[in-house]
Every structure is written in C-alpha cells, then in structure tokens.
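Have a look at target_25.pdb below; it lists PDB, C-alpha atoms.
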ATOM      1  CA  MET Z   1       0.000   0.000   0.000
ATOM      2  CA  THR Z   2       2.830   2.406   0.816
ATOM      3  CA  THR Z   3       4.345   1.629  -2.575
ATOM      4  CA  SER Z   4       1.177   2.790  -4.296
ATOM      5  CA  ARG Z   5       1.043   5.863  -2.005
ATOM      6  CA  ASN Z   6       4.601   6.788  -2.969
ATOM      7  CA  ALA Z   7       3.806   6.163  -6.629
ATOM      8  CA  GLU Z   8       0.763   8.444  -6.297
ATOM      9  CA  LEU Z   9       2.847  11.262  -4.807
ATOM     10  CA  PHE Z  10       5.633  10.826  -7.362
ATOM     11  CA  SER Z  11       3.059  10.912 -10.183
ATOM     12  CA  SER Z  12       1.728  14.196  -8.806
ATOM     13  CA  LEU Z  13       5.185  15.717  -8.901
ATOM     14  CA  ALA Z  14       5.869  14.350 -12.410
ATOM     15  CA  ALA Z  15       2.510  15.645 -13.701
ATOM     16  CA  GLY Z  16       3.322  19.057 -12.232
ATOM     17  CA  VAL Z  17       6.755  19.065 -13.908
ATOM     18  CA  LEU Z  18       5.222  18.284 -17.337
ATOM     19  CA  PHE Z  19       2.557  20.929 -16.812
ATOM     20  CA  GLY Z  20       5.013  23.612 -15.625
ATOM     21  CA  LEU Z  21       7.459  22.816 -18.428
ATOM     22  CA  GLY Z  22       4.606  23.097 -20.924
ATOM     23  CA  LEU Z  23       3.573  26.505 -19.553
ATOM     24  CA  ALA Z  24       7.184  27.703 -19.848
ATOM     25  CA  VAL Z  25       7.804  26.263 -23.362
ATOM     26  CA  SER Z  26       4.542  27.758 -24.681
ATOM     27  CA  GLN Z  27       5.317  31.125 -22.988
ATOM     28  CA  MET Z  28       1.912  31.033 -21.318
ATOM     29  CA  VAL Z  29       3.708  32.057 -18.081
ATOM     30  CA  ASN Z  30       4.254  35.450 -19.728
ATOM     31  CA  PRO Z  31       1.301  37.823 -19.110
ATOM     32  CA  ALA Z  32       2.287  39.968 -22.138
ATOM     33  CA  LYS Z  33       2.043  36.865 -24.384
ATOM     34  CA  VAL Z  34      -1.415  35.956 -23.054
ATOM     35  CA  ILE Z  35      -2.684  39.537 -23.435
ATOM     36  CA  GLY Z  36      -1.389  39.388 -27.034
ATOM     37  CA  PHE Z  37      -3.951  36.609 -27.589
ATOM     38  CA  LEU Z  38      -6.762  38.410 -25.742
ATOM     39  CA  ASP Z  39      -6.146  41.678 -27.628
ATOM     40  CA  VAL Z  40      -8.093  40.840 -30.815
ATOM     41  CA  ALA Z  41      -8.241  44.525 -31.823
ATOM     42  CA  GLY Z  42      -4.460  45.007 -31.523
ATOM     43  CA  LYS Z  43      -1.521  42.934 -32.813
ATOM     44  CA  TRP Z  44      -3.328  39.657 -32.352
ATOM     45  CA  ASP Z  45      -1.158  36.659 -31.370
ATOM     46  CA  PRO Z  46      -3.141  33.404 -31.812
ATOM     47  CA  THR Z  47      -0.491  31.275 -30.025
ATOM     48  CA  LEU Z  48      -2.818  30.447 -27.105
ATOM     49  CA  LEU Z  49      -5.134  28.603 -29.509
ATOM     50  CA  PHE Z  50      -2.205  26.372 -30.514
ATOM     51  CA  VAL Z  51      -1.407  25.707 -26.839
ATOM     52  CA  MET Z  52      -5.012  24.667 -26.186
ATOM     53  CA  GLY Z  53      -4.964  22.631 -29.397
ATOM     54  CA  GLY Z  54      -1.775  20.818 -28.353
ATOM     55  CA  ALA Z  55      -3.171  20.088 -24.893
ATOM     56  CA  LEU Z  56      -6.551  18.896 -26.208
ATOM     57  CA  ALA Z  57      -4.834  16.737 -28.872
ATOM     58  CA  VAL Z  58      -3.504  14.741 -25.898
ATOM     59  CA  THR Z  59      -6.293  15.028 -23.322
ATOM     60  CA  VAL Z  60      -9.299  14.320 -25.579
ATOM     61  CA  PRO Z  61      -8.139  10.797 -26.580
ATOM     62  CA  ALA Z  62      -6.248  10.168 -23.296
ATOM     63  CA  PHE Z  63      -9.202  11.013 -21.041
ATOM     64  CA  ARG Z  64     -11.555   8.836 -23.109
ATOM     65  CA  TRP Z  65      -9.172   5.931 -22.714
ATOM     66  CA  VAL Z  66      -8.371   6.533 -19.020
ATOM     67  CA  VAL Z  67     -11.949   6.782 -17.738
ATOM     68  CA  LYS Z  68     -12.745   3.388 -19.289
ATOM     69  CA  ARG Z  69     -10.572   1.921 -16.527
ATOM     70  CA  SER Z  70     -12.262   0.979 -13.244
ATOM     71  CA  TYR Z  71      -9.533   2.612 -11.183
ATOM     72  CA  PRO Z  72      -6.602   4.963 -11.637
ATOM     73  CA  LEU Z  73      -3.161   3.328 -11.326
ATOM     74  CA  PHE Z  74      -2.313   4.438  -7.784
ATOM     75  CA  ALA Z  75      -5.479   5.796  -6.126
ATOM     76  CA  ALA Z  76      -8.762   4.294  -4.894
ATOM     77  CA  GLY Z  77     -10.936   5.925  -7.543
ATOM     78  CA  PHE Z  78     -11.500   8.778  -9.970
ATOM     79  CA  VAL Z  79     -12.502  12.149  -8.497
ATOM     80  CA  LEU Z  80     -14.487  13.787 -11.296
ATOM     81  CA  PRO Z  81     -17.072  16.585 -11.418
ATOM     82  CA  THR Z  82     -20.613  15.228 -11.696
ATOM     83  CA  ARG Z  83     -22.728  18.357 -12.308
ATOM     84  CA  LYS Z  84     -24.230  18.738 -15.757
ATOM     85  CA  ASP Z  85     -26.539  21.781 -15.376
ATOM     86  CA  LEU Z  86     -25.638  25.350 -16.303
ATOM     87  CA  ASP Z  87     -26.250  27.522 -13.222
ATOM     88  CA  PRO Z  88     -25.830  31.281 -12.658
ATOM     89  CA  ARG Z  89     -22.791  30.746 -10.395
ATOM     90  CA  LEU Z  90     -20.890  28.971 -13.184
ATOM     91  CA  ILE Z  91     -21.558  31.833 -15.620
ATOM     92  CA  ALA Z  92     -20.934  34.649 -13.093
ATOM     93  CA  GLY Z  93     -17.775  32.975 -11.772
ATOM     94  CA  ALA Z  94     -16.375  32.414 -15.265
ATOM     95  CA  ALA Z  95     -17.198  36.045 -16.176
ATOM     96  CA  LEU Z  96     -15.408  37.431 -13.063
ATOM     97  CA  PHE Z  97     -12.426  35.150 -13.690
ATOM     98  CA  GLY Z  98     -12.223  36.399 -17.290
ATOM     99  CA  ILE Z  99     -12.164  40.055 -16.182
ATOM    100  CA  GLY Z 100      -9.275  39.352 -13.786
ATOM    101  CA  TRP Z 101      -7.486  37.272 -16.446
ATOM    102  CA  GLY Z 102      -7.806  40.142 -18.938
ATOM    103  CA  LEU Z 103      -6.592  42.778 -16.448
ATOM    104  CA  ALA Z 104      -3.434  40.878 -15.476
ATOM    105  CA  GLY Z 105      -2.840  38.387 -18.296
ATOM    106  CA  LEU Z 106      -2.503  35.710 -15.616
ATOM    107  CA  CYS Z 107      -4.632  32.703 -14.735
ATOM    108  CA  PRO Z 108      -3.928  30.356 -11.786
ATOM    109  CA  GLY Z 109      -1.462  27.894 -13.421
ATOM    110  CA  PRO Z 110       0.854  30.528 -14.926
ATOM    111  CA  ALA Z 111       0.536  32.653 -11.755
ATOM    112  CA  VAL Z 112       1.844  29.794  -9.595
ATOM    113  CA  THR Z 113       4.544  28.821 -12.115
ATOM    114  CA  ALA Z 114       5.769  32.401 -12.681
ATOM    115  CA  LEU Z 115       6.395  32.723  -8.924
ATOM    116  CA  VAL Z 116       9.816  31.145  -9.628
ATOM    117  CA  THR Z 117      10.893  34.520 -11.065
ATOM    118  CA  LEU Z 118      10.233  36.109  -7.630
ATOM    119  CA  ALA Z 119       8.748  39.121  -9.477
ATOM    120  CA  LEU Z 120       6.725  41.388  -7.163
ATOM    121  CA  PRO Z 121       3.671  41.855  -9.458
ATOM    122  CA  ILE Z 122       3.313  38.056  -9.734
ATOM    123  CA  ALA Z 123       3.520  37.686  -5.938
ATOM    124  CA  VAL Z 124       0.914  40.454  -5.430
ATOM    125  CA  PHE Z 125      -1.430  38.735  -7.900
ATOM    126  CA  PHE Z 126      -0.853  35.320  -6.281
ATOM    127  CA  VAL Z 127      -1.542  36.513  -2.713
ATOM    128  CA  ALA Z 128      -4.678  38.402  -3.844
ATOM    129  CA  MET Z 129      -5.841  35.282  -5.722
ATOM    130  CA  LEU Z 130      -5.449  33.140  -2.585
ATOM    131  CA  ALA Z 131      -7.305  35.783  -0.539
ATOM    132  CA  GLY Z 132     -10.161  35.900  -3.074
ATOM    133  CA  ALA Z 133     -10.465  32.107  -3.226
ATOM    134  CA  PHE Z 134     -10.306  31.801   0.584
ATOM    135  CA  ALA Z 135     -12.907  34.552   1.112
ATOM    136  CA  TYR Z 136     -15.289  33.084  -1.473
ATOM    137  CA  ASP Z 137     -15.041  29.579  -0.014
ATOM    138  CA  ARG Z 138     -15.744  30.906   3.517
ATOM    139  CA  VAL Z 139     -18.823  32.881   2.438
ATOM    140  CA  ALA Z 140     -20.138  30.001   0.313
ATOM    141  CA  ARG Z 141     -19.681  27.550   3.191
ATOM    142  CA  ARG Z 142     -21.439  29.858   5.693
ATOM    143  CA  LYS Z 143     -24.399  30.208   3.308
ATOM    144  CA  ARG Z 144     -24.699  26.435   3.049
ATOM    145  CA  THR Z 145     -24.741  25.895   6.826
ATOM    146  CA  THR Z 146     -27.258  28.657   7.680
TER     147      THR Z 146
ATOM    148  CA  MET I   1      -6.116  42.599 -38.106
ATOM    149  CA  THR I   2      -2.325  42.558 -37.729
ATOM    150  CA  MET I   3      -0.465  39.624 -36.228
ATOM    151  CA  GLY I   4       1.771  39.898 -33.176
ATOM    152  CA  ASP I   5       4.672  37.723 -32.074
ATOM    153  CA  PHE I   6       3.177  34.388 -33.201
ATOM    154  CA  THR I   7       4.904  31.178 -31.987
ATOM    155  CA  PRO I   8       2.716  28.261 -33.108
ATOM    156  CA  TYR I   9       5.324  25.455 -32.856
ATOM    157  CA  SER I  10       6.553  26.111 -29.309
ATOM    158  CA  GLY I  11       2.925  26.856 -28.398
ATOM    159  CA  PHE I  12       1.721  23.483 -29.692
ATOM    160  CA  LEU I  13       4.661  21.616 -28.109
ATOM    161  CA  GLY I  14       4.040  23.333 -24.761
ATOM    162  CA  GLY I  15       0.361  22.459 -25.070
ATOM    163  CA  VAL I  16       1.224  18.776 -25.670
ATOM    164  CA  LEU I  17       3.376  18.797 -22.484
ATOM    165  CA  ILE I  18       0.513  20.397 -20.517
ATOM    166  CA  GLY I  19      -1.850  17.749 -21.898
ATOM    167  CA  LEU I  20       0.569  14.942 -20.928
ATOM    168  CA  GLY I  21       0.730  16.330 -17.375
ATOM    169  CA  ALA I  22      -3.075  16.437 -17.151
ATOM    170  CA  ALA I  23      -3.377  12.919 -18.613
ATOM    171  CA  LEU I  24      -0.771  11.524 -16.179
ATOM    172  CA  LEU I  25      -2.539  13.042 -13.153
ATOM    173  CA  LEU I  26      -5.843  11.465 -14.233
ATOM    174  CA  LEU I  27      -4.355   8.071 -15.158
ATOM    175  CA  ALA I  28      -2.158   7.749 -12.056
ATOM    176  CA  ASN I  29      -4.181   9.532  -9.363
ATOM    177  CA  GLY I  30      -7.682   9.876 -10.801
ATOM    178  CA  ARG I  31      -7.528  13.645 -10.424
ATOM    179  CA  ILE I  32      -8.388  16.568 -12.680
ATOM    180  CA  ALA I  33      -5.445  18.939 -13.269
ATOM    181  CA  GLY I  34      -7.377  22.104 -12.472
ATOM    182  CA  ILE I  35      -4.936  24.505 -10.877
ATOM    183  CA  SER I  36      -7.574  26.632  -9.098
ATOM    184  CA  GLY I  37      -9.111  23.453  -7.658
ATOM    185  CA  ILE I  38      -5.736  22.027  -6.612
ATOM    186  CA  ILE I  39      -4.906  25.285  -4.785
ATOM    187  CA  GLY I  40      -8.459  25.667  -3.439
ATOM    188  CA  GLY I  41      -8.147  22.301  -1.700
ATOM    189  CA  LEU I  42      -5.269  23.720   0.339
ATOM    190  CA  LEU I  43      -7.274  26.715   1.615
ATOM    191  CA  ALA I  44     -10.258  25.117   3.318
ATOM    192  CA  PRO I  45     -10.836  22.079   5.527
ATOM    193  CA  PRO I  46     -10.880  19.114   5.304
ATOM    194  CA  PHE I  47      -7.114  19.301   4.998
ATOM    195  CA  SER I  48      -6.875  15.853   3.504
ATOM    196  CA  GLU I  49      -4.803  15.093   0.471
ATOM    197  CA  VAL I  50      -2.518  18.048   1.032
ATOM    198  CA  ALA I  51       0.635  16.190  -0.005
ATOM    199  CA  TRP I  52      -0.251  15.447  -3.645
ATOM    200  CA  ARG I  53      -1.453  19.036  -4.130
ATOM    201  CA  LEU I  54       1.780  20.511  -2.748
ATOM    202  CA  LEU I  55       3.865  18.109  -4.832
ATOM    203  CA  PHE I  56       1.984  19.058  -8.007
ATOM    204  CA  ILE I  57       2.677  22.756  -7.274
ATOM    205  CA  ALA I  58       6.331  21.966  -6.520
ATOM    206  CA  GLY I  59       6.347  20.179  -9.898
ATOM    207  CA  LEU I  60       5.127  23.327 -11.678
ATOM    208  CA  TRP I  61       8.064  25.217 -10.189
ATOM    209  CA  LEU I  62      10.489  22.413 -10.995
ATOM    210  CA  GLY I  63       9.259  22.333 -14.602
ATOM    211  CA  ALA I  64       9.905  26.067 -14.953
ATOM    212  CA  VAL I  65      13.346  25.692 -13.343
ATOM    213  CA  VAL I  66      14.228  22.855 -15.759
ATOM    214  CA  PHE I  67      13.223  25.121 -18.662
ATOM    215  CA  ILE I  68      15.349  28.002 -17.322
ATOM    216  CA  ALA I  69      18.337  25.678 -16.811
ATOM    217  CA  ALA I  70      17.985  24.087 -20.267
ATOM    218  CA  ARG I  71      17.799  27.438 -22.049
ATOM    219  CA  GLY I  72      20.336  29.164 -19.821
ATOM    220  CA  ALA I  73      18.142  32.257 -19.837
ATOM    221  CA  PRO I  74      15.643  33.668 -17.357
ATOM    222  CA  LEU I  75      11.916  33.084 -17.826
ATOM    223  CA  ALA I  76      10.364  35.947 -19.807
ATOM    224  CA  VAL I  77       7.593  37.345 -17.606
ATOM    225  CA  THR I  78       6.440  40.825 -18.670
ATOM    226  CA  VAL I  79       3.705  42.441 -16.597
ATOM    227  CA  GLN I  80       2.067  45.535 -18.043
ATOM    228  CA  ALA I  81      -0.476  46.233 -15.277
ATOM    229  CA  SER I  82       0.276  48.291 -12.129
ATOM    230  CA  LEU I  83       0.488  46.631  -8.704
ATOM    231  CA  PRO I  84      -3.024  47.814  -7.605
ATOM    232  CA  VAL I  85      -4.474  46.433 -10.858
ATOM    233  CA  MET I  86      -2.611  43.134 -10.281
ATOM    234  CA  ALA I  87      -4.134  42.938  -6.775
ATOM    235  CA  VAL I  88      -7.687  43.570  -8.054
ATOM    236  CA  ALA I  89      -7.119  41.072 -10.889
ATOM    237  CA  GLY I  90      -5.865  38.436  -8.433
ATOM    238  CA  LEU I  91      -8.943  38.895  -6.229
ATOM    239  CA  LEU I  92     -11.267  38.547  -9.247
ATOM    240  CA  VAL I  93      -9.445  35.405 -10.425
ATOM    241  CA  GLY I  94      -9.562  33.911  -6.903
ATOM    242  CA  VAL I  95     -13.277  34.584  -6.396
ATOM    243  CA  GLY I  96     -14.275  33.820  -9.999
ATOM    244  CA  THR I  97     -12.484  30.475 -10.288
ATOM    245  CA  ARG I  98     -13.930  29.216  -6.994
ATOM    246  CA  MET I  99     -17.435  30.466  -7.857
ATOM    247  CA  GLY I 100     -17.260  29.068 -11.394
ATOM    248  CA  GLY I 101     -15.578  25.845 -10.291
ATOM    249  CA  GLY I 102     -12.493  26.062 -12.482
ATOM    250  CA  CYS I 103     -10.052  28.020 -14.602
ATOM    251  CA  THR I 104      -8.227  27.708 -17.910
ATOM    252  CA  SER I 105      -6.812  24.297 -16.984
ATOM    253  CA  GLY I 106      -9.766  22.653 -15.198
ATOM    254  CA  HIS I 107     -12.495  23.894 -17.552
ATOM    255  CA  GLY I 108     -10.461  24.803 -20.653
ATOM    256  CA  ILE I 109      -8.292  21.701 -20.975
ATOM    257  CA  CYS I 110      -9.643  18.935 -18.729
ATOM    258  CA  GLY I 111     -13.361  19.808 -18.828
ATOM    259  CA  ILE I 112     -13.485  20.193 -22.599
ATOM    260  CA  ALA I 113     -11.603  16.875 -22.923
ATOM    261  CA  ARG I 114     -14.368  15.250 -20.837
ATOM    262  CA  LEU I 115     -16.861  16.887 -23.243
ATOM    263  CA  SER I 116     -18.470  18.685 -20.272
ATOM    264  CA  LYS I 117     -21.085  21.206 -21.386
ATOM    265  CA  ARG I 118     -20.454  23.270 -18.204
ATOM    266  CA  SER I 119     -16.756  23.542 -19.007
ATOM    267  CA  MET I 120     -17.347  24.459 -22.653
ATOM    268  CA  VAL I 121     -19.746  27.252 -21.639
ATOM    269  CA  ALA I 122     -17.397  28.487 -18.852
ATOM    270  CA  THR I 123     -14.454  28.561 -21.289
ATOM    271  CA  VAL I 124     -16.375  30.603 -23.873
ATOM    272  CA  VAL I 125     -17.539  33.002 -21.117
ATOM    273  CA  PHE I 126     -14.100  33.620 -19.570
ATOM    274  CA  ILE I 127     -12.333  34.041 -22.908
ATOM    275  CA  ALA I 128     -15.079  36.483 -23.991
ATOM    276  CA  THR I 129     -14.983  38.617 -20.810
ATOM    277  CA  ALA I 130     -11.161  38.604 -20.875
ATOM    278  CA  MET I 131     -11.140  39.829 -24.503
ATOM    279  CA  VAL I 132     -13.691  42.553 -23.683
ATOM    280  CA  THR I 133     -11.609  43.582 -20.644
ATOM    281  CA  VAL I 134      -8.417  43.858 -22.711
ATOM    282  CA  TYR I 135     -10.313  45.801 -25.378
ATOM    283  CA  VAL I 136     -11.622  48.294 -22.793
ATOM    284  CA  VAL I 137      -8.249  48.689 -21.035
ATOM    285  CA  ARG I 138      -6.197  49.032 -24.240
ATOM    286  CA  HIS I 139      -8.468  50.637 -26.783
ATOM    287  CA  VAL I 140     -11.159  52.514 -24.816
ATOM    288  CA  ALA I 141      -9.338  53.684 -21.696
ATOM    289  CA  GLY I 142      -6.196  53.932 -23.859
ATOM    290  CA  GLY I 143      -4.067  52.022 -21.384
ATOM    291  CA  ALA I 144      -4.498  54.794 -18.793
ATOM    292  CA  ALA I 145      -6.300  52.504 -16.338
ATOM    293  CA  ALA I 146      -3.541  49.914 -16.305
TER     294      ALA I 146
END
Please, can you express the file's structure as structure tokens?
Amino acid sequence: MTTSRNAELFSSLAAGVLFGLGLAVSQMVNPAKVIGFLDVAGKWDPTLLFVMGGALAVTVPAFRWVVKRSYPLFAAGFVLPTRKDLDPRLIAGAALFGIGWGLAGLCPGPAVTALVTLALPIAVFFVAMLAGAFAYDRVARRKRTT
Amino acid sequence: MTMGDFTPYSGFLGGVLIGLGAALLLLANGRIAGISGIIGGLLAPPFSEVAWRLLFIAGLWLGAVVFIAARGAPLAVTVQASLPVMAVAGLLVGVGTRMGGGCTSGHGICGIARLSKRSMVATVVFIATAMVTVYVVRHVAGGAAA
C-alpha cells in the first residue's frame, strides 16, 4: 500500500513538472504573451489557440481511454465533477475570472509557475488570488450551513 | 487585423506537455489537473490530500526551473499592469475560479476533454470577458487605467 502511495505522490510531482514545463515552453507564463492573444483589436497573437490545441490533442483521446478503466493506477478511484446543469454561479464565476485574467494576463497555473521569477507583481497577484479564493469559499460555506 | 509575435510550434509543443501532465494526473491519481481546484483544496478544511497538491505545485516550479536551466536564460515574464491592478485582478481570479468551479486548466483543458457542457460554456464566457476587458483597457481607456 505504501508503494502505491509513494507512486501516487511521485506521479503528482511528475505531472506538475510536465505541466510547468509546458507553460514555460509555450510562454503562457508570460502575461504579455497571453494579453497578445486576448487583444483581438491590436496585434493579435493566436499562439494560445495552438497551446489549447496541443493540450486537447492529448487530453481528448487520453481522457476517453483513461476513464474506461475501473480505477486509476495508484489511487482508490477517480474524483471527477458530476454536475451537468448550467447555473448562474458557473456563468458569473467564469465572467469574473475572465475580467481578472484580462486585467493581469494571468490565470492560476501561470501565476503559480511564474512565482519562480520572484517578481513582485506576480507575488501580489498570487496573494490576492489566494485571498479571493479563501474569502469566497468561507462565504459560500457559511451560506450552506445557515 | 495585424499579427503579433506568433509562436505556433513552441505553443503546440508546450500544449502537448501540458496535456501529458493532465493525462498523467488522471491516469495515475484519478484527479483533474485544475490549478484553481488544486490550490483551493489547500485553503479550506478538510485538509486531507494536502501532499499530492503541494507536490503538483512543486512540480510546476520544478518544470519552470528545468526550462530556465535548459535554455540558460531567465523566464520571460512581462507584466504591463500596475500593482493595484494586479491585486484587483488576483482577487477577481480567486473569487471567480472558486465560484465558477475552475479556470483555464480545469475547464479549458480537462473539462473540454471530458466533453463537459459546463466547461465548454465556462471557457467561452471567460475568454469572452477577458477579450472585452483587454479591449476596454487598451483601446477605450487607452491604457491609462492599467
């Protein structure tokens, strides 16, 4: 059992390395590059579409194949979202996220990865992001219990 | 429409690496590689499964460090927004990703690969609001706001 636990933790690290390397290679860690994609009225840079295309070229077939298994390799089961309905929170949350993404050119993965540069604006964004996520989760939890 | 600094090959290759990371996390551990969700699980109880989340984040950093070492050059991270704008943007991304249940990775790469209607709608919404935000900041406010 401990072998599978160690394999699970090592897989997490390895998955993170691939993901972080991919963000660096594709330059998606660079806010200016991401804003170049979002700025359709300026000097538009469609690179982000190729990043998504590359990722989906792997995940679309891989996920189909993986979820046919009864279990993942090293864990007790798959932890997958089950909701299918479109609710106002999904739309409002995605809209707010998009505004923040457009203002900074950073989304959570690149924000975490770009922390390795120790740049102050990245750190400010990261701390504010944690504060926003923490505050939202607290309020949402209180609403559920009352 | 003029084209900016377009890098389709490194973009696609980086995307493939990101996709491999997401596929490995699902195959090995049964988990979705949604960065906002992975971080969110560290902010609120129950504090179970902290180790794999921290190792994934450490992996993101390690991946970026490997890239920096291999290229022998620092990671290009150019931030155009001011610190107050970065703080507001971080808050919006934190709140929005928790409210909407995902970000560019969880909805945009993993959710679309699972053919989730919620993720497809969320991805269209956050790309649209991000593009509108960049348009307003760059072409209406003339860059004065950021």
Per-residue nearest contacts of region 21-61 of chain Z to region 92-108 of chain I (10 Å; all atoms listed in the file) as CSV:
residue,atom,partner,partner_atom,distance
Z:Met52,CA,I:Gly108,CA,7.8
Z:Ala55,CA,I:Gly108,CA,9.7
Z:Leu56,CA,I:Gly108,CA,9.0
**I:Tyr9, I:Val66, I:Ser82, I:Ala130 ranked by distance to chain Z, top pick (using all atoms listed in the file)** = I:Ala130
**Request:** Check the smallest atom-to-atom distance from each of Z:Gly102, Z:Gly93, Z:Pro31, Z:Gly77 to Arg31 (chain I) using only C-alpha atoms, then report the winner.
**Result:** Z:Gly77
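Across the structure, CA of Leu103 (chain Z) and CA of Gly37 (chain I) are spaced 21.4 Å apart.
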**Message:** Quick check on the file I pasted: which residues fall under the PyMOL selection byres ((chain I and resi 76) around 8)? Write them as a VMD selection string.
**Reply:** (chain Z and resid 27 29 to 30) or (chain I and resid 74 to 75 77 to 78)
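Comparing the minimum interatomic distances between Lys68 (chain Z) and each of I:Pro46, I:Gly30, I:Gly142, I:Gly72, counting only C-alpha atoms, we find that I:Gly30 sits nearest.
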Quick one: residues within 9 Å of Lys117 (chain I), all atoms listed in the file, excluding same-chain residues fewer than 6 positions away - as a PDB file with C-alpha atoms, in the frame of the given file?
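Result file result.pdb:
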ATOM      1  CA  LYS Z  84     -24.230  18.738 -15.757  1.00  0.00           C
ATOM      2  CA  ASP Z  85     -26.539  21.781 -15.376  1.00  0.00           C
ATOM      3  CA  LEU Z  86     -25.638  25.350 -16.303  1.00  0.00           C
TER       4      LEU Z  86
ATOM      5  CA  GLY I 111     -13.361  19.808 -18.828  1.00  0.00           C
TER       6      GLY I 111
END
Using the file's own x, y and z axes, so that the box edges lie along x, y and z, what centre and edge lengths in Å (one decimal) does a box around every listed atom of region 28-45 of chain I get when 3 Å is added on each side? Give it as AutoDock Vina command-line options.
--center_x -6.5 --center_y 17.2 --center_z -3.9 --size_x 14.7 --size_y 25.0 --size_z 24.8
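Proximity of Z:Thr82, Z:Ser70, Z:Ser26, Z:Ser4 to chain I, computed with only C-alpha atoms, is greatest for Z:Ser26.
Of the residues under consideration (Z:Ala24, Z:Leu80, Z:Leu13, Z:Ile122), Z:Leu80 shows the shortest atom-to-atom contact distance to Ser116 (chain I) when counting only C-alpha atoms.
Shortest atom-to-atom contact with Pro46 (chain Z) among Z:Phe134, Z:Arg64, Z:Met28, Z:Phe97: Z:Met28, counting all atoms listed in the file.
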